[in-house]
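A.B. asks: One structure follows; several queries about it will come next.
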Amino acid sequence: MTKRKRTMLVDGDILCYMISTQNEEATKWSDDLWTLHADFNTTKDKFEASLHSYKEILLCDDIVFTFTDKKNFRKKILPSYKFNRKDLRKPIVYNPLKAYVNEKYKSYTLPWLEGDDVLGILATSDTIKGDKVILTKDKDLRTIPGTIYWMHDMQYEEVSAKDADYYHMIQTLTGDRSDNYAGCKGIGPKSAEKLLSEVRHDPVAMWYKVVEAFEKAKLSENEALIQAQVSRILRHTDYNKETYTPILWRKPL
């Protein structure tokens, strides 16, 4: 029997950010003068060590990275999306490390998409043959059907298509402060789970529950739809490869 190829789909935004942040060092020159510096060779070595450790743990043959494009389709839907991050500084060697990864490894960046979307498309399409496992620590990837390995606790999770749809509706209700979209006012994770638990495998019924929650909070169905479109991590059916444009999520019929 021929062994199936196994590919590690790496959240490049997160791994590069983690390693480059860990390798910044502060130096105090005087009481009032501090500087930050980073040794790129050391950063690169630690990145390679971390990457290949994951590759061995996950028994993968190949490595593919995904990164976020400069343009973001979600900001067209919701201009405030990630507006809270516009002034955040990236680590000193983040961009050099990203350039190094793009040069050495196979990587994908697609127009208008975040790295999460590219992970979702690759994980749910046949662009890459064989088995695939997503390496990330971003909980948003739970809205993608497939195999995930969580960096933060070194655990596997198998997400079915129905569970991915359920987690998408949870995100629609709860929003995401770090990404600056609000969800439904007054709904947290526990109340969202309680609201959807009995209908979690019925997409139409879940959407009705979501709309009811928004209307109860004096918000419209259109506002619920915007939250659903922003929170939707794209799958291969959500992207037009000919025009390089996302296909926005629509309510189930």
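Identifiers for the structure tokens are assigned positionally: chains receive A, B, ... in sequence, residues are indexed from 1 per chain, and ligands are indexed from 1 in the order shown.
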When you look at Leu110 in chain A with a cut-off of 9 Å (counting only C-alpha atoms), what residues show up, excluding the ones that are within fewer than 5 positions of it in the same chain? I need them as a CSV table (one decimal) with all heavy atoms, in the first residue's frame.
C.D. replies:
chain,number,residue,atom,x,y,z
A,66,THR,N,1.1,30.0,4.5
A,66,THR,CA,0.1,31.0,4.0
A,66,THR,C,0.4,32.3,4.7
A,66,THR,O,0.7,32.3,5.9
A,66,THR,CB,-1.3,30.6,4.2
A,66,THR,OG1,-1.7,30.6,5.6
A,66,THR,CG2,-1.6,29.2,3.6
A,67,PHE,N,0.2,33.4,4.0
A,67,PHE,CA,0.3,34.8,4.5
A,67,PHE,C,-0.8,35.7,4.1
A,67,PHE,O,-1.5,35.4,3.1
A,67,PHE,CB,1.7,35.4,4.1
A,67,PHE,CG,2.9,34.7,4.7
A,67,PHE,CD1,3.6,33.8,3.9
A,67,PHE,CD2,3.2,35.0,6.0
A,67,PHE,CE1,4.8,33.2,4.5
A,67,PHE,CE2,4.4,34.5,6.5
A,67,PHE,CZ,5.1,33.6,5.8
A,68,THR,N,-1.0,36.8,4.8
A,68,THR,CA,-2.1,37.7,4.5
A,68,THR,C,-1.6,38.7,3.5
A,68,THR,O,-0.5,39.3,3.5
A,68,THR,CB,-2.4,38.4,5.9
A,68,THR,OG1,-3.0,37.5,6.8
A,68,THR,CG2,-3.4,39.5,5.6
A,69,ASP,N,-2.6,39.0,2.6
A,69,ASP,CA,-2.3,40.0,1.6
A,69,ASP,C,-2.5,41.4,2.2
A,69,ASP,O,-3.0,41.6,3.3
A,69,ASP,CB,-3.4,39.9,0.5
A,69,ASP,CG,-3.1,40.8,-0.8
A,69,ASP,OD1,-1.9,40.9,-1.1
A,69,ASP,OD2,-4.1,41.3,-1.3
A,115,GLY,N,-4.3,35.3,5.7
A,115,GLY,CA,-3.7,34.0,5.7
A,115,GLY,C,-4.6,32.8,6.1
A,115,GLY,O,-4.6,31.7,5.6
A,117,ASP,N,-7.8,32.6,5.5
A,117,ASP,CA,-8.6,32.3,4.4
A,117,ASP,C,-7.9,31.3,3.4
A,117,ASP,O,-8.4,30.4,2.9
A,117,ASP,CB,-9.0,33.5,3.6
A,117,ASP,CG,-9.9,34.5,4.4
A,117,ASP,OD1,-10.9,34.0,5.0
A,117,ASP,OD2,-9.5,35.7,4.4
A,118,VAL,N,-6.6,31.6,3.2
A,118,VAL,CA,-5.8,30.8,2.3
A,118,VAL,C,-5.6,29.4,2.9
A,118,VAL,O,-5.7,28.3,2.2
A,118,VAL,CB,-4.4,31.4,2.0
A,118,VAL,CG1,-3.7,30.6,1.0
A,118,VAL,CG2,-4.6,32.8,1.6
A,244,TYR,N,-10.0,36.1,-8.8
A,244,TYR,CA,-9.3,36.3,-7.5
A,244,TYR,C,-10.1,37.2,-6.5
A,244,TYR,O,-9.7,38.1,-5.9
A,244,TYR,CB,-8.0,37.0,-7.8
A,244,TYR,CG,-7.0,36.2,-8.6
A,244,TYR,CD1,-6.8,36.5,-9.9
A,244,TYR,CD2,-6.3,35.1,-8.1
A,244,TYR,CE1,-5.9,35.8,-10.7
A,244,TYR,CE2,-5.5,34.4,-8.8
A,244,TYR,CZ,-5.3,34.7,-10.2
A,244,TYR,OH,-4.4,34.0,-10.9
A.B. asks: Excluding same-chain residues fewer than 6 positions from Trp207 in chain A, what lies within 9 Å of it counting only C-alpha atoms, as a list in words?
C.D. replies: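 My reading of the contact set: Met169, Lys251 and Pro252 of chain A.
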A.B. asks: Take the residues just selected and output them with N, CA, C and O atoms as a compact mmCIF listing (two decimals), in the first residue's frame.
C.D. replies:
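Dumped to part.txt:
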# COMPACT_ATOMS: atom_id res chain seq x y z
N MET A 169 -21.31 30.08 13.18
CA MET A 169 -22.44 30.80 13.75
C MET A 169 -22.14 31.29 15.17
O MET A 169 -22.60 32.36 15.59
N LYS A 251 -26.99 33.58 3.55
CA LYS A 251 -27.80 32.83 4.50
C LYS A 251 -28.31 31.53 3.86
O LYS A 251 -28.64 31.52 2.67
N PRO A 252 -28.38 30.44 4.62
CA PRO A 252 -28.87 29.18 4.07
C PRO A 252 -30.37 29.24 3.79
O PRO A 252 -31.11 29.94 4.49
A.B. asks: Quick one: which range 26-54 of chain A residues come within 8 Å of range 79-95 of chain A, and what is the nearest atom pair for each with the distance in Å to one decimal, counting only C-alpha atoms, rows ordered by chain and ascending number, as JSON lines?
C.D. replies:
{"residue": "A:His37", "atom": "CA", "partner": "A:Ile92", "partner_atom": "CA", "distance": 7.3}
{"residue": "A:Ala38", "atom": "CA", "partner": "A:Val93", "partner_atom": "CA", "distance": 6.8}
{"residue": "A:Phe40", "atom": "CA", "partner": "A:Val93", "partner_atom": "CA", "distance": 6.7}
A.B. asks: Can you spit out the residues from that selection as a CSV table (one decimal), in the first residue's frame, using C-alpha atoms?
C.D. replies:
chain,number,residue,atom,x,y,z
A,37,HIS,CA,17.5,44.7,18.6
A,38,ALA,CA,17.3,41.3,17.0
A,40,PHE,CA,18.4,37.6,12.3
A.B. asks: When you look at Thr27 in chain A with a cut-off of 10 Å (counting only C-alpha atoms), what residues show up, excluding the ones that are within fewer than 6 positions of it in the same chain? I need them as a PyMOL selection string.
C.D. replies: chain A and resi 33-37
A.B. asks: Apply DSSP to the backbone of this structure and, from range 78-248 of chain A, keep only the residues in strand (DSSP E); write these as a list in words.
C.D. replies: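 After running DSSP on the backbone, range 78-248 of chain A has strand (DSSP E) at Lys106, Ser107, Tyr108, Asp131, Lys132, Val133, Ile134, Leu135, Thr136, Gly146, Thr147, Ile148, Tyr149, Trp150, Gln155, Tyr156, Glu157, Glu158, Val159, Tyr239, Asn240, Thr245 and Pro246 of chain A.
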A.B. asks: Need to verify the contact set: range 100-109 of chain A, 12 Å, only C-alpha atoms, exclusion of same-chain residues closer than 4 positions in sequence. Can you return it as a PyMOL selection string?
C.D. replies: chain A and resi 7-13+15-16+40-41+43-45+47-48+51+62-72+93-96+113-122+127-128+244
A.B. asks: Export C-alpha atoms of the chosen residues as a PDB file, in the first residue's frame?
C.D. replies:
ATOM      1  CA  THR A   7       1.299  18.258   4.229  1.00  0.00           C
ATOM      2  CA  MET A   8       1.595  20.716   7.098  1.00  0.00           C
ATOM      3  CA  LEU A   9      -0.317  23.913   6.291  1.00  0.00           C
ATOM      4  CA  VAL A  10       1.372  26.560   8.419  1.00  0.00           C
ATOM      5  CA  ASP A  11      -0.209  29.786   9.585  1.00  0.00           C
ATOM      6  CA  GLY A  12       2.780  31.864   8.479  1.00  0.00           C
ATOM      7  CA  ASP A  13       1.496  35.119   9.979  1.00  0.00           C
ATOM      8  CA  LEU A  15       4.554  31.498  13.386  1.00  0.00           C
ATOM      9  CA  CYS A  16       6.688  34.318  11.988  1.00  0.00           C
ATOM     10  CA  PHE A  40      18.403  37.635  12.335  1.00  0.00           C
ATOM     11  CA  ASN A  41      20.620  34.535  12.142  1.00  0.00           C
ATOM     12  CA  THR A  43      15.922  34.197  14.798  1.00  0.00           C
ATOM     13  CA  LYS A  44      16.199  32.167  11.615  1.00  0.00           C
ATOM     14  CA  ASP A  45      17.817  29.232  13.426  1.00  0.00           C
ATOM     15  CA  PHE A  47      12.439  29.426  13.450  1.00  0.00           C
ATOM     16  CA  GLU A  48      13.867  26.419  11.601  1.00  0.00           C
ATOM     17  CA  LEU A  51       9.278  24.417  12.260  1.00  0.00           C
ATOM     18  CA  ASP A  62       5.871  18.705   3.041  1.00  0.00           C
ATOM     19  CA  ILE A  63       5.444  22.206   4.451  1.00  0.00           C
ATOM     20  CA  VAL A  64       3.304  24.964   2.930  1.00  0.00           C
ATOM     21  CA  PHE A  65       2.936  28.469   4.364  1.00  0.00           C
ATOM     22  CA  THR A  66       0.127  30.992   4.003  1.00  0.00           C
ATOM     23  CA  PHE A  67       0.333  34.753   4.512  1.00  0.00           C
ATOM     24  CA  THR A  68      -2.051  37.711   4.543  1.00  0.00           C
ATOM     25  CA  ASP A  69      -2.347  40.042   1.563  1.00  0.00           C
ATOM     26  CA  LYS A  70      -1.985  43.807   1.992  1.00  0.00           C
ATOM     27  CA  LYS A  71      -5.599  44.309   0.881  1.00  0.00           C
ATOM     28  CA  ASN A  72      -8.449  42.840   2.920  1.00  0.00           C
ATOM     29  CA  VAL A  93      12.677  41.014  12.041  1.00  0.00           C
ATOM     30  CA  TYR A  94       9.131  39.984  11.139  1.00  0.00           C
ATOM     31  CA  ASN A  95       9.360  41.200   7.529  1.00  0.00           C
ATOM     32  CA  PRO A  96      12.872  39.786   6.920  1.00  0.00           C
ATOM     33  CA  LEU A 113      -7.393  37.412   1.588  1.00  0.00           C
ATOM     34  CA  GLU A 114      -5.988  36.855   5.064  1.00  0.00           C
ATOM     35  CA  GLY A 115      -3.676  33.951   5.706  1.00  0.00           C
ATOM     36  CA  ASP A 116      -6.531  32.164   7.532  1.00  0.00           C
ATOM     37  CA  ASP A 117      -8.619  32.251   4.358  1.00  0.00           C
ATOM     38  CA  VAL A 118      -5.787  30.757   2.330  1.00  0.00           C
ATOM     39  CA  LEU A 119      -5.430  27.998   4.928  1.00  0.00           C
ATOM     40  CA  GLY A 120      -9.152  27.319   4.643  1.00  0.00           C
ATOM     41  CA  ILE A 121      -9.047  27.163   0.847  1.00  0.00           C
ATOM     42  CA  LEU A 122      -6.038  24.833   0.766  1.00  0.00           C
ATOM     43  CA  THR A 127      -4.844  22.005  -4.742  1.00  0.00           C
ATOM     44  CA  ILE A 128      -2.542  20.046  -2.442  1.00  0.00           C
ATOM     45  CA  TYR A 244      -9.310  36.332  -7.511  1.00  0.00           C
TER      46      TYR A 244
END
A.B. asks: Residues of range 25-210 of chain A in helix (DSSP H, G or I) according to DSSP, as an MDAnalysis selection string?
C.D. replies: chainID A and resid 40:57 74:77 83:85 94:104 115:124 139:143 161:174 177:179 189:199 203:210
A.B. asks: Using C-alpha atoms, can you export the residues from the last selection as a short mmCIF file (atom, residue, chain, number, x, y, z; two decimals), in the first residue's frame?
C.D. replies:
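Result file is again.cif:
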data_model
loop_
_atom_site.label_atom_id
_atom_site.label_comp_id
_atom_site.auth_asym_id
_atom_site.auth_seq_id
_atom_site.Cartn_x
_atom_site.Cartn_y
_atom_site.Cartn_z
CA PHE A 40 18.40 37.63 12.34
CA ASN A 41 20.62 34.54 12.14
CA THR A 42 19.56 33.51 15.65
CA THR A 43 15.92 34.20 14.80
CA LYS A 44 16.20 32.17 11.61
CA ASP A 45 17.82 29.23 13.43
CA LYS A 46 15.12 29.19 16.11
CA PHE A 47 12.44 29.43 13.45
CA GLU A 48 13.87 26.42 11.60
CA ALA A 49 14.17 24.42 14.82
CA SER A 50 10.55 25.16 15.75
CA LEU A 51 9.28 24.42 12.26
CA HIS A 52 11.01 21.08 11.91
CA SER A 53 9.96 20.05 15.40
CA TYR A 54 6.34 20.53 14.33
CA LYS A 55 7.03 18.65 11.10
CA GLU A 56 8.35 15.64 13.04
CA ILE A 57 5.48 15.70 15.55
CA ARG A 74 -13.47 42.34 5.03
CA LYS A 75 -12.66 46.03 5.34
CA LYS A 76 -14.95 46.65 2.38
CA ILE A 77 -17.81 44.95 4.23
CA PHE A 83 -8.97 49.14 12.65
CA ASN A 84 -7.74 48.72 16.23
CA ARG A 85 -4.52 47.17 14.89
CA TYR A 94 9.13 39.98 11.14
CA ASN A 95 9.36 41.20 7.53
CA PRO A 96 12.87 39.79 6.92
CA LEU A 97 11.74 36.45 8.38
CA LYS A 98 8.64 36.43 6.18
CA ALA A 99 10.80 37.17 3.12
CA TYR A 100 13.13 34.32 4.09
CA VAL A 101 10.18 31.91 4.39
CA ASN A 102 8.73 32.98 1.04
CA GLU A 103 12.09 32.41 -0.63
CA LYS A 104 12.87 29.04 0.95
CA GLY A 115 -3.68 33.95 5.71
CA ASP A 116 -6.53 32.16 7.53
CA ASP A 117 -8.62 32.25 4.36
CA VAL A 118 -5.79 30.76 2.33
CA LEU A 119 -5.43 28.00 4.93
CA GLY A 120 -9.15 27.32 4.64
CA ILE A 121 -9.05 27.16 0.85
CA LEU A 122 -6.04 24.83 0.77
CA ALA A 123 -7.44 22.60 3.52
CA THR A 124 -10.76 22.11 1.72
CA LYS A 139 -9.41 29.70 17.18
CA ASP A 140 -11.03 31.11 14.02
CA LEU A 141 -9.68 28.08 12.15
CA ARG A 142 -12.18 25.93 14.03
CA THR A 143 -14.68 27.20 11.44
CA ALA A 161 -18.19 20.21 8.15
CA LYS A 162 -21.26 20.47 10.40
CA ASP A 163 -19.18 21.46 13.41
CA ALA A 164 -17.33 24.05 11.32
CA ASP A 165 -20.68 25.60 10.32
CA TYR A 166 -21.72 25.61 13.98
CA TYR A 167 -18.52 27.36 15.07
CA HIS A 168 -19.04 29.91 12.30
CA MET A 169 -22.44 30.80 13.75
CA ILE A 170 -20.91 30.98 17.24
CA GLN A 171 -18.39 33.51 15.90
CA THR A 172 -21.19 35.45 14.22
CA LEU A 173 -22.94 35.81 17.57
CA THR A 174 -19.92 36.48 19.79
CA ARG A 177 -12.63 41.95 19.92
CA SER A 178 -9.13 41.33 18.61
CA ASP A 179 -10.44 41.69 15.04
CA PRO A 189 -19.59 32.22 24.15
CA LYS A 190 -21.70 30.38 26.73
CA SER A 191 -24.97 32.04 25.77
CA ALA A 192 -24.19 31.47 22.06
CA GLU A 193 -23.59 27.76 22.69
CA LYS A 194 -26.81 27.50 24.70
CA LEU A 195 -28.75 29.26 21.97
CA LEU A 196 -27.49 26.98 19.17
CA SER A 197 -26.90 23.67 20.94
CA GLU A 198 -30.20 22.03 20.00
CA VAL A 199 -29.98 23.00 16.31
CA PRO A 203 -27.81 25.41 9.16
CA VAL A 204 -31.23 26.96 8.44
CA ALA A 205 -32.41 26.61 12.04
CA MET A 206 -29.11 28.03 13.34
CA TRP A 207 -29.46 31.09 11.12
CA TYR A 208 -33.02 31.70 12.36
CA LYS A 209 -31.70 31.55 15.94
CA VAL A 210 -28.92 34.01 15.07
#
A.B. asks: Kindly give the distance, in Å, that separates CA of Ile134 in chain A and CA of Gly183 in chain A, rounded to a single decimal.
C.D. replies: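 According to the coordinates, CA of Ile134 in chain A and CA of Gly183 in chain A are separated by 25.7 Å.
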